[in-house]
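Input: a single structure, listed below in structure tokens.
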Amino acid sequence: QVDRAELPDYPSGYVIESDDGNNVEGPETVRVRTRFAWAQQDHVDFFSNMASTLDIVPIEGTVGLPTDVPGLEINGDSALALGIFDEPPWTSWGTSDSSIDYDMLEPDLKINEETVNDQHSPSVHADLDSGLVVVVWEDGKDGATWGRDVYLRWSDDEGETWGDAGDSPPYHTIRVNDQADGDQKLPSVAVAPNGNIVVVWQDNRSGNFDIYVQAFQYNGSTLIRCNEDGDCSADCDPATLACNIRVDTGAADQVQSLPDISVDNDSNFYVAWQDRRNNNFDIFAVRSYYSSDPCPDVSPDLGFLPEGAVIFGESRAVDNLCWGHDARISDDPGTSSQTAPDITALQGVQVQEILYEVTEDVLQVTDVITAPVAYVVATWEDDRENDLDIYMTYSEDGGETFVQDQRLNNDKPDNSTNGFKQQAPAVAINQWMKFITISKDTPYGTAATTVEVPVTTMHIVWQDFRNSTPGTNDDPDIYYSTITVEPDGQFPWPVQFQPGGQDKVNEDDQRAWQTQPVWQGAPDVSATSSGLTLAGSDSYNAFVTWADGRNYGAGDRPNRDIYFRLFSTVGTPTDFVGGNNVMVNNNARLHSFVNGDPPAWPGYSEDMPPHANQRNPSVASTLVAQWPTIFDGWVFVVWDDDRIANPGENYDVYMTRSNMLFGGHRDTFVAEPPDPDVPGQGVRYGSGAFVSRIFDGGSPD
């Protein structure tokens with residue numbers, strides 16, 4: 001019995017129940033027998049604690065934490081509570097056909113169905129209008145270290161249900177590569193507004209790694225595998241046909257690896273990778289185009305984009321999805337390495353002309369003429385200054401040409417070396433509306449007006465060692481920065497860069513038990529505008545994830561968790577989680593823990609196994625918000641996780657999602673029909689949290 005009366009203030013107890021007449025009229029004394037004491041003595045106890053899936057959240061700036069409940073006293077800065085990410089999936093919690101523990105021991109969604117031989121390196125992307133969410137990963141079920149494949153799983157209801165492989169369509173789990181031999185690794189995926197999906201990966205079927213893609217098209221119920229001619233009207237059978245396409249068109253027998261893919265809002269795809277065709281790694285890229293004719297085997301070498309390719313305008317699903325000729329986009333003329341690229345793209349507009357009229361000697365602007373522009377942004381690790389830095393370049397013509405690349409990290413003077421590394425960049429892009437004053441000199445004076453125009457913001461994250469001990473790289477952090485591209489106010493309105501600050505993302509990560517700097521790495525970022533339409537957007541939201549080692553210290557089993565932070569410049573994001581670091585994964589422990597003699601992990605026992613290790617997060621967002629208003633969409637995060645099989649060796653791909661409603665992953669609860677006697681109405685409801693097996697062990701001890 002969890003409730004009891006306490007006179008005079010709470011005659012019915014603290015908890016509103018349908019029957020308040022059965023409360024315990026105690027207190028009662030109960031004798032409890034236990035072999036061991038239950039004690040929370042140190043951080044090992046705490047992070048293996050009895051409230052295992054509850055998150056540690058800061059009270060300040062976390063929406064939904066009830067701080068004014070009668071009888072509740074808060075005298076600290078944090079609380080154990082349900083988090084903003086699903087725990088466990090709300091669709092199965094408490095339902096009659098769920099598992100006996102209501103999925104509380106499996107609070108995160110496992111994406112891959114096979115669990116042998118390691119599945120890792122996931123990538124996720126989503127589209128708001130179609131509800132499509134697609135996850136790809138590197139899968140070792142047919143080869144633990146060699147002969148790995150790329151697999152895909154998809155949902156068309158915003159990640160609510162995922163289907164099974166099954167014996168009949170629609171097949172929700174698909175092997176992407178059509179080559180049984182060789183090694184296929186490190187996939188990335190993009191989902192277009194027109195229903196096209198493209199997966200890219202590195203593939204050594206020819207004896208060295210090349211860059212391959214496979215396109216699919218969603219037809220409203222299932223995925224159609226496109227053929228090598230770019231035709232998506234009928235399913236290509238990989239058992240009898242060559243469906244995959246190689247896109248590094250001029251690479252000969254050198255290594256191409258670490259690909260990344262993005263898609264713009266007009267359904268054009270862009271792929272970047274690191275390329276050794278010049279005997280040192282450079283960054284190369286290629287883009288798709290649409291054609292009414294079958295795609296050529298190799299696009300004509302007429303520049304980055306073939307003549308007649310469709311860049312702007314409505315993307316037509318009936319057209320063939322083709323690929324242009326690849327091109328180098330890094331500018332360094334030397335032999336230093338450019339590696340680990342990340343690419344993103346967006347269709348936008350630019351100011352082209354001001355129209356005006358003169359009436360009775362009064363100069364008046366009548367119209368502002370804009371033209372479409374296809375922004376493509378790429379970032380990478382660059383060694384030209386003899387310590388890794390983050391460089392970037394961008395294109396305004398759909399990737400036909402790129403501007404001179406430039407260094408992003410500002411921890412040292414230009415063309416210098418300080419020995420601190422910056423690496424593992426990721427970039428996202430979004431567009432929003434901004435009021436600016438633009439002017440043009442005319443024979444009648446200066447024509448000027450204040451106009452609301454679209455501007456474009458690039459969001460870049462990376463792993464940064466600038467806070468390390470001098471002469472070492474022992475303290476990695478995650479940094480975030482922005483660059484906003486907007487027209488200059490004076491004719492001819494050239495594009496100008498407005499760089500933002502460089503913010504350390506990981507905060508409050510110091511723990512008393514740590515004896516060395518905390519490790520943070522593998523960042524990713526996704527960005528959305530603040531409105532459902534461009535006209536309704538006046539800023540942006542950026543969603544950053546990374547792997548974080550703050551929850552362990554010397555002598556512990558390494559336990560990296562996936563953390564999240566929101567960056568926003570609209571409304572009141574701190575009423576949600578703006579500025580706070582929030583754990584994404586649900587504190588899972590090893591499922592098959594055998595310690596051995598001598599013990600592999602001193603301090604852990606079978607009833608208190610160590611937590612699992614989470615790595616390599618990928619984030620995608622369709623969430624549109626102008627805080628505190630949330631219009632639509634979700635944030636999706638996937639990662640590597642070793643909770644099931646051999647720790648540190650066998651990983652699986654897990655996912656969770658959030659609509660940023662703390663402790664409430666759907667709408668407010670209202671009984672049908674509304675009943676004033678039913679408690680909880682008008683409150684956002686959340687999912688459950690696993691407390692402990694220790695209280696449900698089936699033993700009198």
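By order of appearance in the structure tokens: chains A, B, ..., then residues from 1 within every chain, and ligands from 1 in the order shown.
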
Give me, as CSV, the closest atom pair and its distance (Å, one decimal) for every residue of segment 106-137 of chain A within a cut-off of 8 Å of segment 605-623 of chain A, counting only C-alpha atoms, rows sorted by chain and rising number.
```
residue,atom,partner,partner_atom,distance
A:Ser121,CA,A:Asn616,CA,6.3
A:Pro122,CA,A:Ser618,CA,6.7
A:Ser123,CA,A:Ser618,CA,5.4
A:Val124,CA,A:Ala620,CA,6.0
A:His125,CA,A:Ala620,CA,5.1
A:Ala126,CA,A:Ala620,CA,6.2
A:Asp127,CA,A:Thr622,CA,6.4
A:Leu128,CA,A:Thr622,CA,5.3
```

Which neighbours of Ala239 of chain A fall inside 12 Å, counting only C-alpha atoms, when residues of the same chain fewer than 4 positions from it are skipped, and could you give them as an mmCIF file with N, CA and C atoms, in the first residue's frame?
```
data_model
loop_
_atom_site.group_PDB
_atom_site.id
_atom_site.type_symbol
_atom_site.label_atom_id
_atom_site.label_comp_id
_atom_site.auth_asym_id
_atom_site.auth_seq_id
_atom_site.Cartn_x
_atom_site.Cartn_y
_atom_site.Cartn_z
ATOM 1 N N ARG A 175 17.993 -6.275 -46.595
ATOM 2 C CA ARG A 175 19.422 -6.191 -46.872
ATOM 3 C C ARG A 175 19.606 -5.266 -48.064
ATOM 4 N N VAL A 176 20.423 -4.243 -47.904
ATOM 5 C CA VAL A 176 20.533 -3.190 -48.911
ATOM 6 C C VAL A 176 21.459 -3.589 -50.042
ATOM 7 N N ASN A 177 22.640 -4.114 -49.717
ATOM 8 C CA ASN A 177 23.606 -4.450 -50.762
ATOM 9 C C ASN A 177 23.192 -5.736 -51.470
ATOM 10 N N ASP A 178 23.396 -5.759 -52.797
ATOM 11 C CA ASP A 178 22.999 -6.924 -53.569
ATOM 12 C C ASP A 178 24.180 -7.833 -53.879
ATOM 13 N N GLN A 179 25.289 -7.633 -53.208
ATOM 14 C CA GLN A 179 26.485 -8.435 -53.447
ATOM 15 C C GLN A 179 26.719 -9.324 -52.239
ATOM 16 N N ALA A 180 26.715 -10.639 -52.451
ATOM 17 C CA ALA A 180 26.880 -11.553 -51.332
ATOM 18 C C ALA A 180 28.316 -11.572 -50.816
ATOM 19 N N ASP A 235 10.056 -3.291 -58.635
ATOM 20 C CA ASP A 235 11.061 -3.717 -57.680
ATOM 21 C C ASP A 235 12.206 -4.440 -58.373
ATOM 22 N N CYS A 243 21.455 -4.120 -58.705
ATOM 23 C CA CYS A 243 20.611 -2.972 -58.354
ATOM 24 C C CYS A 243 21.424 -1.816 -57.770
ATOM 25 N N ASN A 244 22.546 -2.127 -57.093
ATOM 26 C CA ASN A 244 23.371 -1.075 -56.496
ATOM 27 C C ASN A 244 24.111 -0.293 -57.572
#
```

Notebook entry, point to check: Smallest atom-to-atom distance to Asp411 of chain A: which of A:Gln423, A:Thr437, A:Gln502, A:Thr379, using only C-alpha atoms?
Noted result: A:Gln502

Note to self: With only C-alpha atoms as the counted atoms, please give the residues lying no more than 7 Å from Thr339 of chain A, apart from itself and same-chain residues fewer than 2 positions off, as a count of residues only.
What the structure shows: 9

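Residue nearest His459 of chain A, chosen from A:Ile59, A:Val582, A:Ala426, A:Ala645 and counting only C-alpha atoms: A:Ala426.
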
Margin query: When you look at Glu396 of chain A with a cut-off of 8 Å (counting only C-alpha atoms), what residues show up, excluding the ones that are within fewer than 5 positions of it in the same chain? I need them as a PyMOL selection string.
Written below: chain A and resi 373-376+401-402

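Picture a line from atom CA of Gly578 of chain A to atom CA of Leu109 of chain A; it runs 25.2 Å.
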
Notebook entry, point to check: Could you pull the residues within 10 Å of Asp331 of chain A, counting only C-alpha atoms, minus those fewer than 2 positions along the same chain, as a PyMOL selection string?
Noted result: chain A and resi 282-283+328-329+333-334+338+393+402-406

Once you have the residues from the selection above, write them out as a PDB file, in the first residue's frame, restricted to N, CA, C and O atoms.
```pdb
ATOM      1  N   ASP A 282      41.483  13.145 -49.887  1.00  0.00           N
ATOM      2  CA  ASP A 282      40.783  14.393 -50.161  1.00  0.00           C
ATOM      3  C   ASP A 282      39.289  14.141 -49.991  1.00  0.00           C
ATOM      4  O   ASP A 282      38.839  12.993 -49.877  1.00  0.00           O
ATOM      5  N   ILE A 283      38.511  15.220 -50.017  1.00  0.00           N
ATOM      6  CA  ILE A 283      37.063  15.096 -49.908  1.00  0.00           C
ATOM      7  C   ILE A 283      36.455  15.218 -51.300  1.00  0.00           C
ATOM      8  O   ILE A 283      36.652  16.221 -51.995  1.00  0.00           O
ATOM      9  N   ARG A 328      36.193  16.792 -56.621  1.00  0.00           N
ATOM     10  CA  ARG A 328      36.897  17.104 -55.382  1.00  0.00           C
ATOM     11  C   ARG A 328      36.407  18.449 -54.864  1.00  0.00           C
ATOM     12  O   ARG A 328      36.293  19.420 -55.619  1.00  0.00           O
ATOM     13  N   ILE A 329      36.131  18.538 -53.550  1.00  0.00           N
ATOM     14  CA  ILE A 329      35.631  19.798 -52.999  1.00  0.00           C
ATOM     15  C   ILE A 329      36.545  20.363 -51.919  1.00  0.00           C
ATOM     16  O   ILE A 329      36.287  21.461 -51.424  1.00  0.00           O
ATOM     17  N   PRO A 333      46.030  22.158 -51.640  1.00  0.00           N
ATOM     18  CA  PRO A 333      46.803  21.645 -52.778  1.00  0.00           C
ATOM     19  C   PRO A 333      47.930  20.708 -52.371  1.00  0.00           C
ATOM     20  O   PRO A 333      48.585  20.118 -53.229  1.00  0.00           O
ATOM     21  N   GLY A 334      48.191  20.560 -51.074  1.00  0.00           N
ATOM     22  CA  GLY A 334      49.308  19.734 -50.630  1.00  0.00           C
ATOM     23  C   GLY A 334      48.932  18.280 -50.489  1.00  0.00           C
ATOM     24  O   GLY A 334      47.992  17.776 -51.113  1.00  0.00           O
ATOM     25  N   GLN A 338      42.541  15.082 -45.714  1.00  0.00           N
ATOM     26  CA  GLN A 338      41.192  15.552 -45.418  1.00  0.00           C
ATOM     27  C   GLN A 338      40.308  14.311 -45.307  1.00  0.00           C
ATOM     28  O   GLN A 338      40.235  13.517 -46.257  1.00  0.00           O
ATOM     29  N   THR A 393      33.260  23.957 -46.421  1.00  0.00           N
ATOM     30  CA  THR A 393      33.016  24.722 -47.631  1.00  0.00           C
ATOM     31  C   THR A 393      31.533  24.630 -47.951  1.00  0.00           C
ATOM     32  O   THR A 393      30.821  23.802 -47.369  1.00  0.00           O
ATOM     33  N   PHE A 402      32.159  25.198 -55.444  1.00  0.00           N
ATOM     34  CA  PHE A 402      32.255  25.409 -54.004  1.00  0.00           C
ATOM     35  C   PHE A 402      33.183  26.590 -53.732  1.00  0.00           C
ATOM     36  O   PHE A 402      34.137  26.829 -54.483  1.00  0.00           O
ATOM     37  N   VAL A 403      32.918  27.324 -52.655  1.00  0.00           N
ATOM     38  CA  VAL A 403      33.761  28.450 -52.273  1.00  0.00           C
ATOM     39  C   VAL A 403      35.041  27.921 -51.626  1.00  0.00           C
ATOM     40  O   VAL A 403      35.167  26.732 -51.310  1.00  0.00           O
ATOM     41  N   GLN A 404      36.009  28.821 -51.441  1.00  0.00           N
ATOM     42  CA  GLN A 404      37.255  28.465 -50.765  1.00  0.00           C
ATOM     43  C   GLN A 404      36.953  27.934 -49.374  1.00  0.00           C
ATOM     44  O   GLN A 404      36.190  28.538 -48.613  1.00  0.00           O
ATOM     45  N   ASP A 405      37.531  26.789 -49.036  1.00  0.00           N
ATOM     46  CA  ASP A 405      37.247  26.229 -47.720  1.00  0.00           C
ATOM     47  C   ASP A 405      37.908  27.051 -46.626  1.00  0.00           C
ATOM     48  O   ASP A 405      38.830  27.836 -46.873  1.00  0.00           O
ATOM     49  N   GLN A 406      37.446  26.878 -45.393  1.00  0.00           N
ATOM     50  CA  GLN A 406      37.955  27.656 -44.272  1.00  0.00           C
ATOM     51  C   GLN A 406      37.885  26.834 -42.999  1.00  0.00           C
ATOM     52  O   GLN A 406      37.077  25.918 -42.867  1.00  0.00           O
TER      53      GLN A 406
END
```

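One distance worth recording is that between atom CA of Gln202 of chain A and atom CA of Phe465 of chain A, which is 28.5 Å.
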
Checklist line | Shell of 6 Å around segment 510-522 of chain A, only C-alpha atoms, local chain residues under 2 positions omitted, as a ChimeraX atom specification | finding: /A:463,475-477,508,546-550,553,616

What would the file look like if the residues just selected were written as a PDB file, in the first residue's frame with N, CA, C and O atoms?
```pdb
ATOM      1  N   GLN A 463      34.131  16.955 -32.089  1.00  0.00           N
ATOM      2  CA  GLN A 463      34.874  16.603 -30.885  1.00  0.00           C
ATOM      3  C   GLN A 463      36.101  17.496 -30.801  1.00  0.00           C
ATOM      4  O   GLN A 463      36.859  17.613 -31.762  1.00  0.00           O
ATOM      5  N   ASP A 475      41.436  15.387 -22.959  1.00  0.00           N
ATOM      6  CA  ASP A 475      40.140  15.848 -22.445  1.00  0.00           C
ATOM      7  C   ASP A 475      39.241  16.282 -23.606  1.00  0.00           C
ATOM      8  O   ASP A 475      39.103  17.472 -23.892  1.00  0.00           O
ATOM      9  N   PRO A 476      38.599  15.331 -24.287  1.00  0.00           N
ATOM     10  CA  PRO A 476      37.727  15.715 -25.401  1.00  0.00           C
ATOM     11  C   PRO A 476      36.383  16.250 -24.917  1.00  0.00           C
ATOM     12  O   PRO A 476      35.791  15.726 -23.970  1.00  0.00           O
ATOM     13  N   ASP A 477      35.917  17.293 -25.574  1.00  0.00           N
ATOM     14  CA  ASP A 477      34.588  17.848 -25.346  1.00  0.00           C
ATOM     15  C   ASP A 477      33.851  17.900 -26.679  1.00  0.00           C
ATOM     16  O   ASP A 477      34.424  17.669 -27.743  1.00  0.00           O
ATOM     17  N   ASP A 508      28.126  20.162 -16.784  1.00  0.00           N
ATOM     18  CA  ASP A 508      27.837  19.483 -15.515  1.00  0.00           C
ATOM     19  C   ASP A 508      28.229  18.011 -15.560  1.00  0.00           C
ATOM     20  O   ASP A 508      27.528  17.142 -15.048  1.00  0.00           O
ATOM     21  N   TRP A 546      25.575  12.905 -28.478  1.00  0.00           N
ATOM     22  CA  TRP A 546      26.967  12.466 -28.436  1.00  0.00           C
ATOM     23  C   TRP A 546      27.087  11.304 -27.438  1.00  0.00           C
ATOM     24  O   TRP A 546      26.170  11.038 -26.653  1.00  0.00           O
ATOM     25  N   ALA A 547      28.212  10.600 -27.477  1.00  0.00           N
ATOM     26  CA  ALA A 547      28.517   9.551 -26.507  1.00  0.00           C
ATOM     27  C   ALA A 547      29.332  10.163 -25.373  1.00  0.00           C
ATOM     28  O   ALA A 547      30.280  10.907 -25.613  1.00  0.00           O
ATOM     29  N   ASP A 548      28.988   9.829 -24.122  1.00  0.00           N
ATOM     30  CA  ASP A 548      29.512  10.544 -22.963  1.00  0.00           C
ATOM     31  C   ASP A 548      29.914   9.555 -21.876  1.00  0.00           C
ATOM     32  O   ASP A 548      29.147   8.672 -21.515  1.00  0.00           O
ATOM     33  N   GLY A 549      31.129   9.729 -21.332  1.00  0.00           N
ATOM     34  CA  GLY A 549      31.647   8.818 -20.325  1.00  0.00           C
ATOM     35  C   GLY A 549      31.571   9.334 -18.911  1.00  0.00           C
ATOM     36  O   GLY A 549      32.299   8.837 -18.047  1.00  0.00           O
ATOM     37  N   ARG A 550      30.703  10.282 -18.629  1.00  0.00           N
ATOM     38  CA  ARG A 550      30.684  10.925 -17.306  1.00  0.00           C
ATOM     39  C   ARG A 550      30.259   9.988 -16.179  1.00  0.00           C
ATOM     40  O   ARG A 550      30.501  10.311 -15.011  1.00  0.00           O
ATOM     41  N   GLY A 553      34.192   5.913 -13.383  1.00  0.00           N
ATOM     42  CA  GLY A 553      35.488   6.414 -12.957  1.00  0.00           C
ATOM     43  C   GLY A 553      36.524   5.311 -12.964  1.00  0.00           C
ATOM     44  O   GLY A 553      36.316   4.240 -13.522  1.00  0.00           O
ATOM     45  N   ASN A 616      28.329   5.721 -30.744  1.00  0.00           N
ATOM     46  CA  ASN A 616      28.028   6.069 -32.137  1.00  0.00           C
ATOM     47  C   ASN A 616      26.577   6.508 -32.368  1.00  0.00           C
ATOM     48  O   ASN A 616      25.857   5.906 -33.170  1.00  0.00           O
TER      49      ASN A 616
END
```

Checklist line | Shell around Gln431 of chain A at 12 Å using only C-alpha atoms, local window under 6 positions removed, as a PyMOL selection string | finding: chain A and resi 264-265+345-350+373-375+453-459+483-486+527-542

Checklist line | strand (DSSP E) residues, from DSSP on the backbone, in segment 287-466 of chain A, as a ChimeraX atom specification | finding: /A:287-291,320-323,327-328,338-359,362-382,389-395,406-407,422-442,445-464

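Counting only C-alpha atoms and comparing A:Glu400, A:Asp464, A:Glu228, A:Glu114, the residue that lies closest to Leu388 of chain A is A:Asp464.
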
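Here atom CA of Val150 of chain A is placed at a distance of 20.1 Å from atom CA of Cys232 of chain A.
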
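When only C-alpha atoms are used to compute distances to Trp162 of chain A, the closest of the residues A:Ser291, A:Asn196, A:Asn595, A:Asn112 turns out to be A:Asn112.
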